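Student: Structure file query.cif (mmCIF, C-alpha atoms; chains and numbers go by the auth columns) is given on the next line.
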data_coords
loop_
_atom_site.group_PDB
_atom_site.id
_atom_site.type_symbol
_atom_site.label_atom_id
_atom_site.label_comp_id
_atom_site.label_asym_id
_atom_site.label_seq_id
_atom_site.Cartn_x
_atom_site.Cartn_y
_atom_site.Cartn_z
_atom_site.B_iso_or_equiv
_atom_site.auth_seq_id
_atom_site.auth_asym_id
ATOM 1 C CA MET A 1 54.419 -0.845 79.444 0.00 778 Z
ATOM 2 C CA LYS A 2 52.348 -2.273 82.246 0.00 779 Z
ATOM 3 C CA PRO A 3 54.383 -4.118 84.936 0.00 780 Z
ATOM 4 C CA SER A 4 53.641 -7.791 85.413 0.00 781 Z
ATOM 5 C CA PRO A 5 51.523 -8.673 88.427 0.00 782 Z
ATOM 6 C CA PRO A 6 53.335 -10.040 91.477 0.00 783 Z
ATOM 7 C CA PRO A 7 53.391 -13.806 91.895 0.00 784 Z
ATOM 8 C CA PRO A 8 50.994 -15.374 94.362 0.00 785 Z
ATOM 9 C CA PRO A 9 52.270 -15.081 97.964 0.00 786 Z
ATOM 10 C CA ARG A 10 52.477 -18.877 98.286 0.00 787 Z
ATOM 11 C CA ILE A 11 55.142 -19.058 95.537 0.00 788 Z
ATOM 12 C CA THR A 12 57.084 -16.133 96.989 0.00 789 Z
ATOM 13 C CA ARG A 13 57.118 -17.722 100.449 0.00 790 Z
ATOM 14 C CA PHE A 14 58.713 -20.930 99.156 0.00 791 Z
ATOM 15 C CA ALA A 15 61.246 -19.359 96.771 0.00 792 Z
ATOM 16 C CA ARG A 16 64.032 -18.938 99.320 0.00 793 Z
ATOM 17 C CA PRO A 17 63.899 -22.393 100.945 0.00 794 Z
ATOM 18 C CA VAL A 18 63.515 -24.131 97.576 0.00 795 Z
ATOM 19 C CA ARG A 19 66.463 -22.177 96.166 0.00 796 Z
ATOM 20 C CA ARG A 20 68.701 -22.845 99.174 0.00 797 Z
ATOM 21 C CA LEU A 21 67.792 -26.530 99.359 0.00 798 Z
ATOM 22 C CA GLY A 22 68.227 -26.870 95.590 0.00 799 Z
ATOM 23 C CA PHE A 23 71.713 -25.376 95.638 0.00 800 Z
ATOM 24 C CA ALA A 24 72.616 -27.386 98.754 0.00 801 Z
ATOM 25 C CA GLY A 25 71.412 -30.600 97.104 0.00 802 Z
ATOM 26 C CA LEU A 26 73.390 -29.891 93.941 0.00 803 Z
ATOM 27 C CA GLY A 27 76.412 -29.134 96.108 0.00 804 Z
ATOM 28 C CA LEU A 28 76.134 -32.436 97.953 0.00 805 Z
ATOM 29 C CA VAL A 29 75.697 -34.439 94.746 0.00 806 Z
ATOM 30 C CA ASN A 30 78.744 -32.803 93.155 0.00 807 Z
ATOM 31 C CA LEU A 31 80.735 -33.209 96.373 0.00 808 Z
ATOM 32 C CA GLY A 32 79.984 -36.931 96.400 0.00 809 Z
ATOM 33 C CA TRP A 33 80.717 -37.450 92.722 0.00 810 Z
ATOM 34 C CA GLY A 34 83.824 -35.260 92.810 0.00 811 Z
ATOM 35 C CA ALA A 35 85.311 -36.967 95.852 0.00 812 Z
ATOM 36 C CA TRP A 36 84.549 -40.371 94.298 0.00 813 Z
ATOM 37 C CA ALA A 37 86.344 -39.434 91.054 0.00 814 Z
ATOM 38 C CA VAL A 38 89.381 -38.002 92.876 0.00 815 Z
ATOM 39 C CA VAL A 39 89.759 -40.779 95.468 0.00 816 Z
ATOM 40 C CA ALA A 40 88.837 -43.795 93.299 0.00 817 Z
ATOM 41 C CA PRO A 41 89.125 -42.702 89.660 0.00 818 Z
ATOM 42 C CA ALA A 42 89.173 -46.206 88.131 0.00 819 Z
ATOM 43 C CA HIS A 43 86.056 -47.230 90.077 0.00 820 Z
ATOM 44 C CA PHE A 44 84.347 -43.957 89.166 0.00 821 Z
ATOM 45 C CA PHE A 45 85.185 -44.451 85.486 0.00 822 Z
ATOM 46 C CA ALA A 46 83.907 -48.029 85.481 0.00 823 Z
ATOM 47 C CA THR A 47 80.654 -47.449 87.386 0.00 824 Z
ATOM 48 C CA PHE A 48 79.499 -43.795 87.141 0.00 825 Z
ATOM 49 C CA PRO A 49 76.711 -42.796 87.713 0.00 826 Z
ATOM 50 C CA GLY A 50 75.940 -45.975 89.624 0.00 827 Z
ATOM 51 C CA PHE A 51 72.585 -47.770 89.831 0.00 828 Z
ATOM 52 C CA GLY A 52 73.862 -50.351 87.331 0.00 829 Z
ATOM 53 C CA LEU A 53 74.635 -47.681 84.717 0.00 830 Z
ATOM 54 C CA HIS A 54 78.110 -47.216 83.247 0.00 831 Z
ATOM 55 C CA TRP A 55 78.047 -43.929 81.358 0.00 832 Z
ATOM 56 C CA THR A 56 81.657 -42.857 81.796 0.00 833 Z
ATOM 57 C CA ALA A 57 82.957 -46.290 80.783 0.00 834 Z
ATOM 58 C CA SER A 58 81.078 -45.827 77.502 0.00 835 Z
ATOM 59 C CA TYR A 59 83.872 -43.439 76.463 0.00 836 Z
ATOM 60 C CA PRO A 60 87.041 -45.549 76.636 0.00 837 Z
ATOM 61 C CA PRO A 61 89.892 -45.728 77.193 0.00 838 Z
ATOM 62 C CA TYR A 62 90.185 -45.052 80.927 0.00 839 Z
ATOM 63 C CA ASN A 63 92.409 -42.072 81.695 0.00 840 Z
ATOM 64 C CA GLN A 64 93.231 -41.474 85.356 0.00 841 Z
ATOM 65 C CA HIS A 65 94.306 -37.878 84.755 0.00 842 Z
ATOM 66 C CA LEU A 66 91.090 -36.873 83.002 0.00 843 Z
ATOM 67 C CA THR A 67 88.922 -38.697 85.534 0.00 844 Z
ATOM 68 C CA VAL A 68 90.636 -36.931 88.454 0.00 845 Z
ATOM 69 C CA ASP A 69 90.299 -33.614 86.575 0.00 846 Z
ATOM 70 C CA LEU A 70 86.565 -34.269 86.197 0.00 847 Z
ATOM 71 C CA GLY A 71 86.393 -34.923 89.928 0.00 848 Z
ATOM 72 C CA ALA A 72 88.182 -31.628 90.594 0.00 849 Z
ATOM 73 C CA THR A 73 85.640 -29.860 88.367 0.00 850 Z
ATOM 74 C CA MET A 74 82.776 -31.426 90.301 0.00 851 Z
ATOM 75 C CA LEU A 75 84.357 -30.384 93.607 0.00 852 Z
ATOM 76 C CA THR A 76 84.625 -26.836 92.256 0.00 853 Z
ATOM 77 C CA LEU A 77 80.941 -26.914 91.295 0.00 854 Z
ATOM 78 C CA ALA A 78 80.141 -28.211 94.786 0.00 855 Z
ATOM 79 C CA LEU A 79 81.882 -25.178 96.268 0.00 856 Z
ATOM 80 C CA LEU A 80 79.960 -22.801 93.984 0.00 857 Z
ATOM 81 C CA PHE A 81 76.660 -24.438 94.916 0.00 858 Z
ATOM 82 C CA ALA A 82 77.490 -24.377 98.630 0.00 859 Z
ATOM 83 C CA GLY A 83 78.327 -20.681 98.364 0.00 860 Z
ATOM 84 C CA ALA A 84 75.017 -20.007 96.631 0.00 861 Z
ATOM 85 C CA ALA A 85 73.091 -21.972 99.266 0.00 862 Z
ATOM 86 C CA ILE A 86 74.811 -20.283 102.198 0.00 863 Z
ATOM 87 C CA ALA A 87 75.016 -16.692 100.916 0.00 864 Z
ATOM 88 C CA ASP A 88 71.610 -16.741 99.206 0.00 865 Z
ATOM 89 C CA ARG A 89 72.376 -13.522 97.368 0.00 866 Z
ATOM 90 C CA PRO A 90 71.354 -12.933 93.750 0.00 867 Z
ATOM 91 C CA GLU A 91 74.927 -12.187 92.635 0.00 868 Z
ATOM 92 C CA VAL A 92 76.287 -15.421 94.099 0.00 869 Z
ATOM 93 C CA SER A 93 73.360 -17.496 92.863 0.00 870 Z
ATOM 94 C CA TRP A 94 73.716 -16.106 89.342 0.00 871 Z
ATOM 95 C CA LEU A 95 77.480 -16.709 89.331 0.00 872 Z
ATOM 96 C CA ALA A 96 76.922 -20.343 90.312 0.00 873 Z
ATOM 97 C CA GLY A 97 73.987 -20.689 87.927 0.00 874 Z
ATOM 98 C CA LEU A 98 75.659 -19.160 84.882 0.00 875 Z
ATOM 99 C CA ALA A 99 79.016 -20.882 85.456 0.00 876 Z
ATOM 100 C CA THR A 100 77.200 -24.203 85.682 0.00 877 Z
ATOM 101 C CA ALA A 101 75.083 -23.406 82.629 0.00 878 Z
ATOM 102 C CA LEU A 102 78.270 -22.752 80.641 0.00 879 Z
ATOM 103 C CA PHE A 103 79.892 -25.984 81.802 0.00 880 Z
ATOM 104 C CA GLY A 104 76.665 -27.938 81.391 0.00 881 Z
ATOM 105 C CA THR A 105 75.941 -26.614 77.906 0.00 882 Z
ATOM 106 C CA LEU A 106 79.433 -27.441 76.651 0.00 883 Z
ATOM 107 C CA HIS A 107 79.297 -30.856 78.322 0.00 884 Z
ATOM 108 C CA PHE A 108 75.868 -31.534 76.806 0.00 885 Z
ATOM 109 C CA GLY A 109 77.103 -30.396 73.385 0.00 886 Z
ATOM 110 C CA TYR A 110 79.914 -32.927 73.396 0.00 887 Z
ATOM 111 C CA HIS A 111 77.676 -35.798 74.431 0.00 888 Z
ATOM 112 C CA ALA A 112 74.921 -34.806 72.008 0.00 889 Z
ATOM 113 C CA LEU A 113 77.438 -35.207 69.197 0.00 890 Z
ATOM 114 C CA HIS A 114 79.296 -38.264 70.553 0.00 891 Z
ATOM 115 C CA ALA A 115 77.357 -41.314 71.753 0.00 892 Z
ATOM 116 C CA GLY A 116 80.368 -43.344 72.820 0.00 893 Z
ATOM 117 C CA HIS A 117 79.295 -46.957 73.322 0.00 894 Z
ATOM 118 C CA MET A 118 75.970 -46.116 74.970 0.00 895 Z
ATOM 119 C CA GLY A 119 72.726 -47.807 74.121 0.00 896 Z
ATOM 120 C CA THR A 120 69.686 -45.686 73.342 0.00 897 Z
ATOM 121 C CA THR A 121 68.190 -45.729 76.841 0.00 898 Z
ATOM 122 C CA ASP A 122 71.476 -44.821 78.533 0.00 899 Z
ATOM 123 C CA ARG A 123 72.126 -42.090 76.001 0.00 900 Z
ATOM 124 C CA VAL A 124 68.681 -40.536 76.449 0.00 901 Z
ATOM 125 C CA LEU A 125 68.969 -40.684 80.249 0.00 902 Z
ATOM 126 C CA SER A 126 72.456 -39.185 80.201 0.00 903 Z
ATOM 127 C CA LEU A 127 71.419 -36.361 77.863 0.00 904 Z
ATOM 128 C CA LEU A 128 68.345 -35.579 79.988 0.00 905 Z
ATOM 129 C CA SER A 129 70.519 -35.441 83.105 0.00 906 Z
ATOM 130 C CA LEU A 130 72.939 -33.096 81.343 0.00 907 Z
ATOM 131 C CA VAL A 131 70.112 -30.785 80.266 0.00 908 Z
ATOM 132 C CA ALA A 132 68.743 -30.752 83.823 0.00 909 Z
ATOM 133 C CA GLY A 133 72.224 -30.075 85.185 0.00 910 Z
ATOM 134 C CA ALA A 134 72.641 -27.099 82.867 0.00 911 Z
ATOM 135 C CA LEU A 135 69.170 -25.612 83.458 0.00 912 Z
ATOM 136 C CA ALA A 136 68.488 -26.223 87.159 0.00 913 Z
ATOM 137 C CA PRO A 137 71.107 -23.846 88.651 0.00 914 Z
ATOM 138 C CA PRO A 138 70.101 -20.774 86.600 0.00 915 Z
ATOM 139 C CA ALA A 139 66.448 -21.621 87.279 0.00 916 Z
ATOM 140 C CA LEU A 140 67.214 -21.633 91.001 0.00 917 Z
ATOM 141 C CA ALA A 141 69.018 -18.294 90.662 0.00 918 Z
ATOM 142 C CA ALA A 142 66.021 -16.844 88.833 0.00 919 Z
ATOM 143 C CA THR A 143 63.836 -17.434 91.889 0.00 920 Z
ATOM 144 C CA HIS A 144 65.401 -14.331 93.467 0.00 921 Z
ATOM 145 C CA HIS A 145 63.178 -12.401 91.030 0.00 922 Z
ATOM 146 C CA LEU A 146 60.075 -13.821 92.708 0.00 923 Z
ATOM 147 C CA GLU A 147 61.020 -12.158 95.974 0.00 924 Z
ATOM 148 C CA LYS A 148 61.600 -8.780 94.322 0.00 925 Z
ATOM 149 C CA THR A 149 58.232 -8.798 92.599 0.00 926 Z
ATOM 150 C CA GLY A 150 56.313 -10.439 95.446 0.00 927 Z
#
I need this file expressed as structure tokens, please.
Tutor:
Amino acid sequence: MKPSPPPPPRITRFARPVRRLGFAGLGLVNLGWGAWAVVAPAHFFATFPGFGLHWTASYPPYNQHLTVDLGATMLTLALLFAGAAIADRPEVSWLAGLATALFGTLHFGYHALHAGHMGTTDRVLSLLSLVAGALAPPALAATHHLEKTG
């Protein structure tokens, strides 16, 4: 079997900074959301994700314990993403990517089957964000391959 040709040098050159910035960005987003849910769970529940949207409140009733647990999960994801951004090693990136894909796929599965009290636009936006959240980390991890073949 003939090996695939290496990617263009331009793509290879940007793989590392894109990967590190991507993981760092995901880490910061999850850090913010996680801290918000742990420190102010009722506010988080009522207003997440912000911008006038109220996705979490579409699944009543409010439960402080579950909201704080969600915040703890997001803080854990933030730590995984920070580790992937700092270490920038394939093993660490894949651990963060696959762990997030597992969480994200299960989370998406629940929301795909349960609409809560969301309208169509909110539901579509929330499902798209869940798909992106499940696919982006493994896609970032896969960029290590570009450097090996480049």
Student: Would you compute the box with edges along x, y and z of the file around stretch 857-872 of chain Z, including every atom the file lists for it and 4 Å extra on each side, and give its centre and edge lengths in Å to one decimal, as JSON?
Tutor:
{"center_x": 75.7, "center_y": -18.3, "center_z": 95.8, "size_x": 16.6, "size_y": 20.3, "size_z": 20.9}
Student: Could you tell me how far atom CA of Z:Thr882 lies from atom CA of Z:Asp846, in Å and to one decimal?
Tutor: 18.2 Å
Student: So that I can check the surroundings of Z:Ala919, please list as a PDB file with C-alpha atoms, in the frame of the given file every protein, DNA and RNA residue that reaches within 10 Å of it, counting only C-alpha atoms and ignoring chain neighbours fewer than 3 positions away.
Tutor:
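Generated output (selection38.pdb):
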ATOM      1  CA  ALA Z 792      61.246 -19.359  96.771  1.00  0.00           C
ATOM      2  CA  ARG Z 796      66.463 -22.177  96.166  1.00  0.00           C
ATOM      3  CA  PRO Z 867      71.354 -12.933  93.750  1.00  0.00           C
ATOM      4  CA  SER Z 870      73.360 -17.496  92.863  1.00  0.00           C
ATOM      5  CA  TRP Z 871      73.716 -16.106  89.342  1.00  0.00           C
ATOM      6  CA  GLY Z 874      73.987 -20.689  87.927  1.00  0.00           C
ATOM      7  CA  ALA Z 913      68.488 -26.223  87.159  1.00  0.00           C
ATOM      8  CA  PRO Z 914      71.107 -23.846  88.651  1.00  0.00           C
ATOM      9  CA  PRO Z 915      70.101 -20.774  86.600  1.00  0.00           C
ATOM     10  CA  ALA Z 916      66.448 -21.621  87.279  1.00  0.00           C
ATOM     11  CA  HIS Z 922      63.178 -12.401  91.030  1.00  0.00           C
ATOM     12  CA  LEU Z 923      60.075 -13.821  92.708  1.00  0.00           C
ATOM     13  CA  GLU Z 924      61.020 -12.158  95.974  1.00  0.00           C
TER      14      GLU Z 924
END
Student: Apply the PyMOL selection byres ((chain Z and resi 896-907) around 8) to the displayed file and report the matching residues as a list of chain:residue names.
Tutor: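 With the PyMOL selection byres ((chain Z and resi 896-907) around 8) on this model, the match is Z:Leu830, Z:Trp832, Z:Gly881, Z:Thr882, Z:His884, Z:Phe885, Z:His888, Z:Ala889, Z:Ala892, Z:His894, Z:Met895, Z:Val908, Z:Ala909, Z:Gly910, Z:Ala911.
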Student: Expressed in Å to a single decimal, how great is the separation between atom CA of Z:Leu917 and atom CA of Z:Ala861?
Tutor: 9.8 Å
Student: For stretch 804-817 of chain Z, list every protein, DNA or RNA residue within 7 Å, evaluated using only C-alpha atoms, and leave out those in the same chain fewer than 5 positions away; present the list as number ranges by chain.
Tutor: Z: 844-845, 848-849, 851-852, 854-856, 858-859
Student: What is the atom CA of Z:Ala918 to atom CA of Z:Ile863 distance in Å?
Tutor: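 Pair atom CA of Z:Ala918 / atom CA of Z:Ile863 returns 13.1 Å.
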Student: For Z:Gln841, work out the shell of residues within 9 Å, counting all atoms listed in the file and skipping chain neighbours fewer than 5 positions away, then give it as a PyMOL selection string.
Tutor: chain Z and resi 818-819+822+846
Student: Smallest atom-to-atom distance to Z:Pro838: which of Z:Arg797, Z:Ala878, Z:Thr853, Z:Ala823, using only C-alpha atoms?
Tutor: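 Looking only at the distances to Z:Pro838, the closest residue turns out to be Z:Ala823.
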Student: Which residue gives the smallest distance to Z:Phe825 among Z:Val795, Z:Leu847, Z:Phe800, Z:Leu875, with all atoms listed in the file counted?
Tutor: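 Smallest separation from Z:Phe825 among the options: Z:Leu847.
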Student: Give me, as number ranges by chain, all polymer residues having an atom no more than 6 Å from Z:Tyr836, counting all atoms listed in the file and skipping those fewer than 2 positions away in the same chain.
Tutor: Z: 833-834, 893
